[in-house]
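Shown below: start09.cif, with mmCIF, C-alpha atoms.
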data_run
#
loop_
_atom_site.label_atom_id
_atom_site.label_comp_id
_atom_site.auth_asym_id
_atom_site.auth_seq_id
_atom_site.Cartn_x
_atom_site.Cartn_y
_atom_site.Cartn_z
CA MET A 1 120.84 34.26 -91.70
CA TRP A 2 120.19 37.90 -92.49
CA VAL A 3 118.21 38.86 -95.56
CA ASN A 4 119.19 41.80 -97.70
CA ASN A 5 117.04 44.92 -97.80
CA LEU A 6 115.28 44.04 -101.09
CA GLU A 7 114.35 40.56 -99.85
CA HIS A 8 113.09 42.10 -96.61
CA GLU A 9 110.92 44.60 -98.53
CA LYS A 10 109.55 41.82 -100.75
CA LEU A 11 108.70 39.72 -97.70
CA LYS A 12 106.89 42.66 -96.09
CA THR A 13 104.99 43.30 -99.32
CA ALA A 14 103.99 39.64 -99.62
CA VAL A 15 102.63 39.69 -96.07
CA ILE A 16 100.63 42.86 -96.81
CA LEU A 17 99.19 41.38 -100.00
CA ALA A 18 98.26 38.14 -98.22
CA ARG A 19 96.53 40.08 -95.45
CA MET A 20 94.67 42.19 -98.00
CA TYR A 21 93.53 39.03 -99.76
CA GLY A 22 92.27 37.66 -96.44
CA VAL A 23 90.29 40.82 -95.74
CA ARG A 24 88.77 40.77 -99.21
CA GLU A 25 87.90 37.10 -98.70
CA THR A 26 85.78 38.05 -95.69
CA LEU A 27 83.94 40.72 -97.69
CA GLU A 28 83.08 38.68 -100.76
CA PRO A 29 83.30 35.06 -101.84
CA LEU A 30 86.60 34.28 -103.52
CA PRO A 31 87.60 30.96 -105.03
CA ARG A 32 89.07 28.50 -102.54
CA MET A 33 92.65 27.56 -103.37
CA SER A 34 95.28 25.32 -101.87
CA ASP A 35 98.07 26.74 -99.75
CA GLU A 36 100.55 26.06 -102.55
CA LYS A 37 98.46 28.00 -105.06
CA MET A 38 98.02 30.86 -102.60
CA VAL A 39 101.78 31.08 -101.98
CA GLY A 40 102.35 31.05 -105.74
CA LEU A 41 99.76 33.78 -106.30
CA ILE A 42 101.14 36.06 -103.58
CA THR A 43 104.71 35.46 -104.79
CA LYS A 44 103.67 36.34 -108.36
CA TRP A 45 101.85 39.49 -107.21
CA THR A 46 104.80 40.55 -105.09
CA GLU A 47 107.18 40.27 -108.03
CA GLU A 48 104.69 42.11 -110.27
CA TYR A 49 104.37 44.89 -107.70
CA PHE A 50 108.13 45.37 -107.60
CA ASP A 51 108.30 45.33 -111.41
CA THR A 52 105.61 47.99 -111.82
CA GLU A 53 105.87 51.69 -111.22
CA GLU A 54 102.70 51.65 -109.11
CA GLU A 55 103.53 52.97 -105.66
CA ASP A 56 100.08 52.51 -104.13
CA ILE A 57 99.77 48.90 -103.03
CA VAL A 58 96.00 49.26 -102.58
CA ARG A 59 95.55 50.33 -106.20
CA PHE A 60 97.81 47.48 -107.30
CA PHE A 61 95.82 44.98 -105.24
CA GLU A 62 92.49 46.26 -106.51
CA SER A 63 93.72 46.00 -110.11
CA LYS A 64 93.99 42.25 -109.61
CA PHE A 65 90.22 41.99 -109.23
CA CYS A 66 89.05 44.27 -112.06
#

Give the structure from the file, written as structure tokens.
Amino acid sequence: MWVNNLEHEKLKTAVILARMYGVRETLEPLPRMSDEKMVGLITKWTEEYFDTEEEDIVRFFESKFC
């Protein structure tokens, strides 16, 4: 099954956000959460990122921790 371009971009963005979370987790203690909660969080952030006009994913990610 092929995914459309928007779904593909959302999947790529979700992977980037998850990786960024993992890097941040190694740099400072973050709350432990279940896999289900993590998937929900990354899914929510991905949708928020696509709904915002922010083009810099790093700034978007950092805004989640301020």

*May I ask for the distance between atom CA of A:Ile57 and atom CA of A:Leu6, given in Å to one decimal place?*
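Answer for the atom CA of A:Ile57 to atom CA of A:Leu6 separation: 16.4 Å.
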
*All residues 10 Å or closer to A:Tyr49, only C-alpha atoms, same chain fewer than 5 positions away omitted, as a ChimeraX atom specification*: /A:10,13-14,17,43-44,54-57,60-61

What's around A:Glu62 at 10 Å? Count all atoms listed in the file, leave out sequence neighbours fewer than 5 positions away in its own chain, and write the answer as a PDB file with C-alpha atoms, keeping the file's coordinate frame.
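selection.pdb written:
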ATOM      1  CA  MET A  20      94.670  42.190 -98.000  1.00  0.00           C
ATOM      2  CA  TYR A  21      93.530  39.030 -99.760  1.00  0.00           C
ATOM      3  CA  ARG A  24      88.770  40.770 -99.210  1.00  0.00           C
ATOM      4  CA  ILE A  57      99.770  48.900-103.030  1.00  0.00           C
TER       5      ILE A  57
END

*Quick one: pull the distance between atom CA of A:Phe50 and atom CA of A:Asn4, Å, one decimal.*
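The value is 15.3 Å.
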
*Give me, please, the distance in Å between atom CA of A:Glu7 and atom CA of A:Val39, quoted to one decimal.*
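Between atom CA of A:Glu7 and atom CA of A:Val39 the gap works out to 15.9 Å.
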
*Near A:Leu41, within 12 Å and counting only C-alpha atoms, which residues show up once chain neighbours fewer than 4 positions away are dropped, as number ranges by chain?*
A: 14, 17-18, 21, 33-37, 45-48, 61, 64
